[in-house]
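Text of final.pdb (PDB, C-alpha atoms) as supplied:
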ATOM      1  CA  MET A  14       0.000   0.000   0.000
ATOM      2  CA  ASN A  15       1.478   3.393  -1.014
ATOM      3  CA  TRP A  16       1.141   6.684   0.879
ATOM      4  CA  SER A  17      -1.740   7.958  -1.244
ATOM      5  CA  GLU A  18      -3.771   4.824  -0.544
ATOM      6  CA  LEU A  19      -2.968   5.046   3.166
ATOM      7  CA  ALA A  20      -4.022   8.686   3.246
ATOM      8  CA  GLY A  21      -7.387   7.683   1.813
ATOM      9  CA  TYR A  22      -8.125   5.725   4.980
ATOM     10  CA  TRP A  23      -7.624   8.678   7.335
ATOM     11  CA  PRO A  24     -11.201   9.974   7.001
ATOM     12  CA  PHE A  25     -12.386   6.442   7.864
ATOM     13  CA  ILE A  26     -10.042   6.234  10.876
ATOM     14  CA  LEU A  27     -10.967   9.740  12.045
ATOM     15  CA  GLY A  28     -14.649   8.872  11.675
ATOM     16  CA  LEU A  29     -14.208   5.780  13.859
ATOM     17  CA  MET A  30     -12.439   7.856  16.526
ATOM     18  CA  VAL A  31     -15.177  10.508  16.565
ATOM     19  CA  THR A  32     -17.820   7.776  16.710
ATOM     20  CA  GLY A  33     -16.033   6.262  19.705
ATOM     21  CA  ALA A  34     -15.825   9.536  21.604
ATOM     22  CA  VAL A  35     -19.474  10.469  20.986
ATOM     23  CA  SER A  36     -20.836   6.984  21.710
ATOM     24  CA  GLY A  37     -18.875   6.860  24.965
ATOM     25  CA  VAL A  38     -20.387  10.114  26.200
ATOM     26  CA  PHE A  39     -23.900   8.904  25.337
ATOM     27  CA  ALA A  40     -23.198   5.552  27.013
ATOM     28  CA  GLY A  41     -22.594   7.242  30.330
ATOM     29  CA  LEU A  42     -25.159   9.977  29.801
ATOM     30  CA  LEU A  43     -28.168   7.791  29.012
ATOM     31  CA  GLY A  44     -27.109   4.377  30.299
ATOM     32  CA  ILE A  45     -26.874   3.000  26.759
ATOM     33  CA  GLY A  46     -23.979   1.043  25.334
ATOM     34  CA  GLY A  47     -23.560   3.457  22.440
ATOM     35  CA  GLY A  48     -24.621   0.904  19.832
ATOM     36  CA  ALA A  49     -27.397   3.133  18.520
ATOM     37  CA  ILE A  50     -24.616   5.434  17.312
ATOM     38  CA  ILE A  51     -21.906   2.860  16.554
ATOM     39  CA  VAL A  52     -23.966   0.502  14.361
ATOM     40  CA  PRO A  53     -25.191   3.005  11.732
ATOM     41  CA  ALA A  54     -21.903   4.956  11.724
ATOM     42  CA  PHE A  55     -19.722   1.860  11.299
ATOM     43  CA  ALA A  56     -22.096   0.339   8.733
ATOM     44  CA  TYR A  57     -21.871   3.494   6.614
ATOM     45  CA  ALA A  58     -18.074   3.449   6.916
ATOM     46  CA  LEU A  59     -17.893  -0.170   5.723
ATOM     47  CA  GLN A  60     -20.240   0.553   2.814
ATOM     48  CA  TRP A  61     -18.055   3.527   1.897
ATOM     49  CA  LEU A  62     -15.105   1.130   1.713
ATOM     50  CA  GLY A  63     -17.065  -1.089  -0.687
ATOM     51  CA  TYR A  64     -17.835  -4.165   1.436
ATOM     52  CA  ASP A  65     -20.813  -6.412   0.688
ATOM     53  CA  SER A  66     -24.006  -4.840   2.070
ATOM     54  CA  ASP A  67     -25.134  -8.151   3.547
ATOM     55  CA  VAL A  68     -21.926  -8.561   5.555
ATOM     56  CA  VAL A  69     -21.745  -4.884   6.509
ATOM     57  CA  GLN A  70     -24.672  -4.939   8.935
ATOM     58  CA  HIS A  71     -23.518  -8.137  10.636
ATOM     59  CA  VAL A  72     -20.006  -6.745  11.143
ATOM     60  CA  ALA A  73     -21.373  -3.423  12.406
ATOM     61  CA  VAL A  74     -23.652  -5.173  14.899
ATOM     62  CA  GLY A  75     -21.068  -7.724  16.083
ATOM     63  CA  THR A  76     -18.309  -5.128  16.418
ATOM     64  CA  SER A  77     -20.652  -2.770  18.236
ATOM     65  CA  LEU A  78     -21.367  -5.420  20.854
ATOM     66  CA  ALA A  79     -17.628  -6.026  21.341
ATOM     67  CA  ILE A  80     -17.011  -2.279  21.673
ATOM     68  CA  ILE A  81     -19.732  -2.021  24.310
ATOM     69  CA  VAL A  82     -17.741  -4.337  26.623
ATOM     70  CA  PRO A  83     -15.159  -1.685  27.670
ATOM     71  CA  THR A  84     -17.691   1.140  27.285
ATOM     72  CA  GLY A  85     -20.236  -0.634  29.474
ATOM     73  CA  ILE A  86     -17.685  -1.541  32.136
ATOM     74  CA  ALA A  87     -16.452   2.061  32.340
ATOM     75  CA  SER A  88     -19.993   3.431  32.467
ATOM     76  CA  ALA A  89     -21.239   0.820  34.975
ATOM     77  CA  ARG A  90     -18.280   1.435  37.311
ATOM     78  CA  ALA A  91     -18.929   5.178  37.255
ATOM     79  CA  HIS A  92     -22.609   4.672  38.107
ATOM     80  CA  TYR A  93     -21.826   2.014  40.753
ATOM     81  CA  LYS A  94     -19.527   4.449  42.551
ATOM     82  CA  ARG A  95     -22.458   6.860  42.704
ATOM     83  CA  GLY A  96     -24.722   4.163  44.192
ATOM     84  CA  ALA A  97     -26.918   4.106  41.086
ATOM     85  CA  VAL A  98     -26.860   0.337  40.332
ATOM     86  CA  ASP A  99     -29.761  -1.703  41.754
ATOM     87  CA  MET A 100     -28.103  -5.035  42.627
ATOM     88  CA  GLY A 101     -31.454  -6.762  43.211
ATOM     89  CA  ILE A 102     -32.632  -6.059  39.669
ATOM     90  CA  LEU A 103     -29.194  -6.856  38.260
ATOM     91  CA  LYS A 104     -29.228 -10.322  39.867
ATOM     92  CA  LEU A 105     -32.670 -10.995  38.369
ATOM     93  CA  TRP A 106     -31.732  -9.838  34.878
ATOM     94  CA  ALA A 107     -28.100 -10.867  34.424
ATOM     95  CA  PRO A 108     -28.405 -14.693  33.923
ATOM     96  CA  VAL A 109     -31.384 -14.381  31.558
ATOM     97  CA  ILE A 110     -29.785 -11.504  29.668
ATOM     98  CA  PHE A 111     -26.573 -13.476  29.154
ATOM     99  CA  ALA A 112     -28.401 -16.550  27.804
ATOM    100  CA  SER A 113     -30.843 -14.711  25.518
ATOM    101  CA  THR A 114     -28.155 -12.428  24.072
ATOM    102  CA  LEU A 115     -25.875 -15.380  23.375
ATOM    103  CA  LEU A 116     -28.754 -17.076  21.549
ATOM    104  CA  GLY A 117     -29.359 -13.929  19.490
ATOM    105  CA  GLY A 118     -25.688 -13.698  18.543
ATOM    106  CA  LEU A 119     -25.493 -17.365  17.545
ATOM    107  CA  MET A 120     -28.636 -17.009  15.407
ATOM    108  CA  ALA A 121     -27.469 -13.793  13.708
ATOM    109  CA  GLY A 122     -25.999 -15.680  10.760
ATOM    110  CA  LEU A 123     -29.476 -16.987   9.921
ATOM    111  CA  TYR A 124     -30.711 -13.460   9.177
ATOM    112  CA  SER A 125     -29.861 -11.397   6.112
ATOM    113  CA  GLY A 126     -28.377  -7.922   6.371
ATOM    114  CA  ASP A 127     -31.713  -6.376   5.376
ATOM    115  CA  VAL A 128     -33.522  -8.268   8.137
ATOM    116  CA  LEU A 129     -31.044  -6.935  10.712
ATOM    117  CA  ARG A 130     -31.463  -3.416   9.278
ATOM    118  CA  LEU A 131     -35.239  -3.766   9.494
ATOM    119  CA  ILE A 132     -35.063  -4.966  13.108
ATOM    120  CA  PHE A 133     -32.763  -2.065  14.008
ATOM    121  CA  GLY A 134     -34.981   0.486  12.243
ATOM    122  CA  VAL A 135     -38.275  -0.688  13.732
ATOM    123  CA  MET A 136     -36.850  -0.954  17.240
ATOM    124  CA  ALA A 137     -35.210   2.480  16.919
ATOM    125  CA  LEU A 138     -38.625   4.003  16.160
ATOM    126  CA  PHE A 139     -40.173   2.058  19.056
ATOM    127  CA  ILE A 140     -37.502   3.312  21.449
ATOM    128  CA  ALA A 141     -37.928   6.899  20.203
ATOM    129  CA  ALA A 142     -41.705   6.708  20.678
ATOM    130  CA  ASN A 143     -41.264   5.310  24.171
ATOM    131  CA  ILE A 144     -38.920   8.172  25.065
ATOM    132  CA  VAL A 145     -41.429  10.827  23.960
ATOM    133  CA  LEU A 146     -44.542   8.972  25.184
ATOM    134  CA  PRO A 147     -43.360   6.582  27.947
ATOM    135  CA  PHE A 148     -46.166   4.075  27.509
ATOM    136  CA  GLN A 149     -44.228   1.263  29.233
ATOM    137  CA  GLN A 150     -45.027   2.819  32.606
ATOM    138  CA  ARG A 151     -48.742   2.459  31.936
ATOM    139  CA  LEU A 152     -48.470  -1.038  30.471
ATOM    140  CA  ILE A 153     -46.154  -2.807  32.907
ATOM    141  CA  GLY A 154     -45.766  -0.504  35.903
ATOM    142  CA  HIS A 155     -48.114  -2.625  38.029
ATOM    143  CA  LEU A 156     -45.965  -5.742  37.463
ATOM    144  CA  HIS A 157     -42.831  -4.400  39.177
ATOM    145  CA  SER A 158     -42.960  -6.911  42.050
ATOM    146  CA  SER A 159     -42.994 -10.012  39.826
ATOM    147  CA  PRO A 160     -39.599 -11.752  39.331
ATOM    148  CA  LEU A 161     -41.087 -13.693  36.393
ATOM    149  CA  THR A 162     -41.976 -10.437  34.620
ATOM    150  CA  HIS A 163     -38.451  -9.170  35.145
ATOM    151  CA  ARG A 164     -37.036 -12.341  33.585
ATOM    152  CA  ILE A 165     -39.427 -12.275  30.608
ATOM    153  CA  PHE A 166     -38.489  -8.700  29.771
ATOM    154  CA  ALA A 167     -34.815  -9.486  30.330
ATOM    155  CA  ALA A 168     -35.051 -12.278  27.734
ATOM    156  CA  LEU A 169     -36.725  -9.978  25.205
ATOM    157  CA  VAL A 170     -34.247  -7.159  25.815
ATOM    158  CA  GLY A 171     -31.267  -9.520  25.492
ATOM    159  CA  TYR A 172     -32.348 -11.165  22.239
ATOM    160  CA  VAL A 173     -33.380  -7.947  20.488
ATOM    161  CA  SER A 174     -30.278  -6.116  21.720
ATOM    162  CA  ALA A 175     -28.056  -8.809  20.199
ATOM    163  CA  LEU A 176     -29.644  -8.393  16.768
ATOM    164  CA  MET A 177     -29.483  -4.587  16.996
ATOM    165  CA  GLY A 178     -25.915  -4.442  18.319
ATOM    166  CA  VAL A 179     -26.858  -2.238  21.260
ATOM    167  CA  GLY A 180     -26.107  -2.520  24.960
ATOM    168  CA  GLY A 181     -29.799  -2.736  25.774
ATOM    169  CA  GLY A 182     -29.956   0.517  27.724
ATOM    170  CA  SER A 183     -32.488   2.002  25.317
ATOM    171  CA  LEU A 184     -34.748  -0.943  26.165
ATOM    172  CA  SER A 185     -33.753  -1.840  29.714
ATOM    173  CA  VAL A 186     -33.643   1.683  31.188
ATOM    174  CA  PRO A 187     -37.298   2.604  30.411
ATOM    175  CA  THR A 188     -38.387  -0.916  31.432
ATOM    176  CA  ILE A 189     -36.611  -0.716  34.793
ATOM    177  CA  ALA A 190     -37.942   2.811  35.286
ATOM    178  CA  ALA A 191     -41.459   1.551  34.527
ATOM    179  CA  PHE A 192     -40.987  -1.071  37.247
ATOM    180  CA  GLY A 193     -40.530   1.736  39.759
ATOM    181  CA  ALA A 194     -36.827   2.602  39.834
ATOM    182  CA  THR A 195     -35.723   6.231  39.754
ATOM    183  CA  ILE A 196     -34.297   7.373  36.420
ATOM    184  CA  HIS A 197     -30.753   7.590  37.790
ATOM    185  CA  ARG A 198     -30.885   4.043  39.224
ATOM    186  CA  ALA A 199     -32.480   2.800  35.996
ATOM    187  CA  VAL A 200     -29.673   4.362  33.962
ATOM    188  CA  GLY A 201     -26.982   2.946  36.236
ATOM    189  CA  THR A 202     -28.512  -0.536  36.312
ATOM    190  CA  GLY A 203     -29.032  -0.431  32.547
ATOM    191  CA  ALA A 204     -25.332   0.299  32.101
ATOM    192  CA  ALA A 205     -24.420  -2.754  34.212
ATOM    193  CA  ILE A 206     -26.868  -4.962  32.309
ATOM    194  CA  GLY A 207     -25.255  -3.771  29.075
ATOM    195  CA  VAL A 208     -21.978  -5.422  30.084
ATOM    196  CA  PHE A 209     -23.640  -8.862  30.181
ATOM    197  CA  ILE A 210     -25.341  -8.186  26.847
ATOM    198  CA  ALA A 211     -22.084  -7.106  25.238
ATOM    199  CA  ILE A 212     -19.997 -10.065  26.429
ATOM    200  CA  SER A 213     -22.447 -12.811  25.491
ATOM    201  CA  GLY A 214     -23.477 -11.088  22.237
ATOM    202  CA  THR A 215     -19.841 -10.739  21.190
ATOM    203  CA  ILE A 216     -19.239 -14.458  21.753
ATOM    204  CA  GLY A 217     -22.285 -15.274  19.645
ATOM    205  CA  PHE A 218     -21.253 -13.028  16.734
ATOM    206  CA  VAL A 219     -17.681 -14.331  16.724
ATOM    207  CA  VAL A 220     -18.936 -17.922  16.509
ATOM    208  CA  SER A 221     -21.747 -17.301  13.985
ATOM    209  CA  GLY A 222     -19.474 -15.341  11.623
ATOM    210  CA  TRP A 223     -16.351 -17.479  11.940
ATOM    211  CA  ASN A 224     -16.508 -19.091   8.471
ATOM    212  CA  THR A 225     -18.067 -16.129   6.657
ATOM    213  CA  ASP A 226     -16.388 -14.868   3.481
ATOM    214  CA  SER A 227     -15.762 -11.230   2.443
ATOM    215  CA  LEU A 228     -15.137  -9.947   5.960
ATOM    216  CA  PRO A 229     -12.982  -6.821   6.504
ATOM    217  CA  PRO A 230      -9.315  -7.511   7.361
ATOM    218  CA  LEU A 231      -8.454  -8.315  10.982
ATOM    219  CA  SER A 232     -11.884  -9.684  11.851
ATOM    220  CA  LEU A 233     -12.798 -12.475  14.277
ATOM    221  CA  GLY A 234     -16.109 -13.676  12.934
ATOM    222  CA  TYR A 235     -18.337 -10.619  12.684
ATOM    223  CA  VAL A 236     -16.109  -8.604  15.063
ATOM    224  CA  ASN A 237     -13.613  -6.229  13.407
ATOM    225  CA  LEU A 238     -10.545  -5.667  15.581
ATOM    226  CA  VAL A 239      -9.551  -2.298  14.036
ATOM    227  CA  ALA A 240     -12.886  -0.703  14.910
ATOM    228  CA  LEU A 241     -12.874  -2.450  18.282
ATOM    229  CA  VAL A 242      -9.599  -0.774  19.259
ATOM    230  CA  LEU A 243     -10.309   2.691  17.817
ATOM    231  CA  ILE A 244     -13.959   3.100  18.780
ATOM    232  CA  GLY A 245     -13.771   1.025  21.957
ATOM    233  CA  GLY A 246     -10.706   2.772  23.313
ATOM    234  CA  LEU A 247     -12.098   6.280  22.925
ATOM    235  CA  ALA A 248     -15.572   5.247  24.078
ATOM    236  CA  ALA A 249     -14.166   3.769  27.301
ATOM    237  CA  LEU A 250     -12.301   7.026  27.957
ATOM    238  CA  THR A 251     -15.336   9.279  27.445
ATOM    239  CA  ALA A 252     -18.032   7.127  29.142
ATOM    240  CA  PRO A 253     -17.198   8.415  32.676
ATOM    241  CA  LEU A 254     -17.602  11.967  31.368
ATOM    242  CA  GLY A 255     -21.112  11.107  30.204
ATOM    243  CA  ALA A 256     -21.937   9.525  33.575
ATOM    244  CA  ALA A 257     -20.839  12.703  35.343
ATOM    245  CA  LEU A 258     -22.902  14.873  32.978
ATOM    246  CA  ALA A 259     -25.963  12.665  33.544
ATOM    247  CA  HIS A 260     -26.234  13.976  37.100
ATOM    248  CA  ARG A 261     -25.984  17.636  36.038
ATOM    249  CA  LEU A 262     -27.903  18.134  32.779
ATOM    250  CA  ASP A 263     -31.606  18.311  31.969
ATOM    251  CA  GLN A 264     -32.592  14.721  31.167
ATOM    252  CA  LYS A 265     -35.826  15.706  29.412
ATOM    253  CA  THR A 266     -34.027  17.737  26.746
ATOM    254  CA  LEU A 267     -31.385  15.051  26.282
ATOM    255  CA  LYS A 268     -34.015  12.365  25.810
ATOM    256  CA  LEU A 269     -35.846  14.399  23.157
ATOM    257  CA  VAL A 270     -32.625  14.963  21.200
ATOM    258  CA  PHE A 271     -31.781  11.270  21.407
ATOM    259  CA  ALA A 272     -35.327  10.353  20.307
ATOM    260  CA  LEU A 273     -35.011  12.593  17.233
ATOM    261  CA  PHE A 274     -31.686  10.961  16.380
ATOM    262  CA  LEU A 275     -33.275   7.493  16.657
ATOM    263  CA  VAL A 276     -36.164   8.491  14.370
ATOM    264  CA  VAL A 277     -33.782   9.674  11.641
ATOM    265  CA  VAL A 278     -31.576   6.570  11.924
ATOM    266  CA  GLY A 279     -34.556   4.226  12.192
ATOM    267  CA  ILE A 280     -36.287   5.561   9.079
ATOM    268  CA  ASN A 281     -33.032   5.414   7.129
ATOM    269  CA  MET A 282     -32.399   1.793   8.186
ATOM    270  CA  ILE A 283     -35.928   0.751   7.227
ATOM    271  CA  TRP A 284     -35.583   2.490   3.865
ATOM    272  CA  LYS A 285     -32.321   0.683   3.152
ATOM    273  CA  ALA A 286     -33.879  -2.662   4.074
ATOM    274  CA  VAL A 287     -37.005  -2.150   1.962
ATOM    275  CA  ALA A 288     -35.218  -0.578  -1.010
ATOM    276  CA  GLY A 289     -32.683  -3.398  -0.914
TER
END

Show me this structure written as structure tokens.
Amino acid sequence: MNWSELAGYWPFILGLMVTGAVSGVFAGLLGIGGGAIIVPAFAYALQWLGYDSDVVQHVAVGTSLAIIVPTGIASARAHYKRGAVDMGILKLWAPVIFASTLLGGLMAGLYSGDVLRLIFGVMALFIAANIVLPFQQRLIGHLHSSPLTHRIFAALVGYVSALMGVGGGSLSVPTIAAFGATIHRAVGTGAAIGVFIAISGTIGFVVSGWNTDSLPPLSLGYVNLVALVLIGGLAALTAPLGAALAHRLDQKTLKLVFALFLVVVGINMIWKAVAG
């Protein structure tokens, strides 16, 4: 590779670094793993480099889950130090989350790239709607004392999160809040749950993509090591900053901005899946 070809990759590398920094801040700020930002950004970057559109979404999702491991740990530690992780809920959710996310990762190879895009798009719109009109509180708020209900929702959150490539915070945080937790404890617990989602989902995507052709260089299954280092490293550094900001800024405004972002990304993902 000559210098001109190497220079052509700098916008891609810079884009990954910016994605890492921004996703890390949002991970700590909203209790999410950052996947809602990482997946579309990394997918676009891979498409820009000319990789097969069917492989692109799988790699973006699998790599996102791997990136969320250091991001989630950094975010969860910051929230735990502030006493914002509900250990009772975490013990209920963690085993089910690990199993259902692993299943989702192992099954990922059975779905086409367009199916994964469609799942991401539809769920992004659902999450955005739930942020603006928190209907989960009305639907499941009265079930907060049922361990079985916790486990059922944990299974759903884990499986869907694996196919989306997110840390589950966008799903787990409003669910935990609907069960009666304060928003700060829901965010902190959601960050801790995201670690279990990320670890088991990563294992699943490595295994399911192990023998896949046309993967980007330096990939283990559907997990790309270059993006893992660049995005993951910066995200882990900036996640504590987001956790600190979460206790200072207006959460209502932040949620509305995040909801708008999800609507734009969700519609675009659905369009790509339908248009083929």

Residues matched by the PyMOL selection byres ((chain A and resi 200) around 12) as number ranges by chain: A: 39-46, 85, 88-89, 91-93, 95-99, 180-190, 194-199, 201-207, 255-256, 259-260, 264

Between atom CA of Leu59 of chain A and atom CA of Trp223 of chain A - distance in Å to one decimal: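 A separation of 18.5 Å between them.
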
Neighbour list for segment 78-81 of chain A as a VMD selection string, cut-off 8 Å, all atoms listed in the file, skip fewer than 2 positions in-chain: chain A and resid 46 to 48 74 to 76 83 to 85 175 178 to 180 207 to 208 210 to 212 214 to 215 236 241 to 242 244 to 245

Residues matched by the PyMOL selection byres ((chain A and resi 251) around 8) as a VMD selection string: chain A and resid 34 to 35 37 to 38 247 to 250 252 to 255

Within 9 Å of file point (-29.6, -3.7, 6.4), counting only C-alpha atoms, expressed as an MDAnalysis selection string: chainID A and resid 56 66:67 69:71 125:134 282:287 289

Closest of A:Gly217, A:Gly101, A:Pro160, A:Pro229 to Ser113 of chain A - atom-to-atom distances counting all atoms listed in the file: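 Checking each candidate against Ser113 of chain A, we get A:Gly217 as the closest.
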
For atom CA of Leu169 of chain A and atom CA of Leu238 of chain A, the interatomic separation in Å (one decimal): 28.2 Å

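Atom CA of Ile102 of chain A lies 11.1 Å from atom CA of Ser159 of chain A.
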
List the residues selected by the PyMOL selection byres ((chain A and resi 165) around 12) in the file shown, writing them as a short mmCIF file (atom, residue, chain, number, x, y, z; two decimals) with C-alpha atoms, in the coordinates of the input.
data_model
loop_
_atom_site.label_atom_id
_atom_site.label_comp_id
_atom_site.auth_asym_id
_atom_site.auth_seq_id
_atom_site.Cartn_x
_atom_site.Cartn_y
_atom_site.Cartn_z
CA LEU A 105 -32.67 -11.00 38.37
CA TRP A 106 -31.73 -9.84 34.88
CA PRO A 108 -28.40 -14.69 33.92
CA VAL A 109 -31.38 -14.38 31.56
CA ILE A 110 -29.78 -11.50 29.67
CA SER A 113 -30.84 -14.71 25.52
CA ILE A 153 -46.15 -2.81 32.91
CA LEU A 156 -45.96 -5.74 37.46
CA SER A 159 -42.99 -10.01 39.83
CA PRO A 160 -39.60 -11.75 39.33
CA LEU A 161 -41.09 -13.69 36.39
CA THR A 162 -41.98 -10.44 34.62
CA HIS A 163 -38.45 -9.17 35.15
CA ARG A 164 -37.04 -12.34 33.58
CA PHE A 166 -38.49 -8.70 29.77
CA ALA A 167 -34.82 -9.49 30.33
CA ALA A 168 -35.05 -12.28 27.73
CA LEU A 169 -36.72 -9.98 25.20
CA VAL A 170 -34.25 -7.16 25.82
CA GLY A 171 -31.27 -9.52 25.49
CA TYR A 172 -32.35 -11.16 22.24
CA SER A 185 -33.75 -1.84 29.71
CA THR A 188 -38.39 -0.92 31.43
#
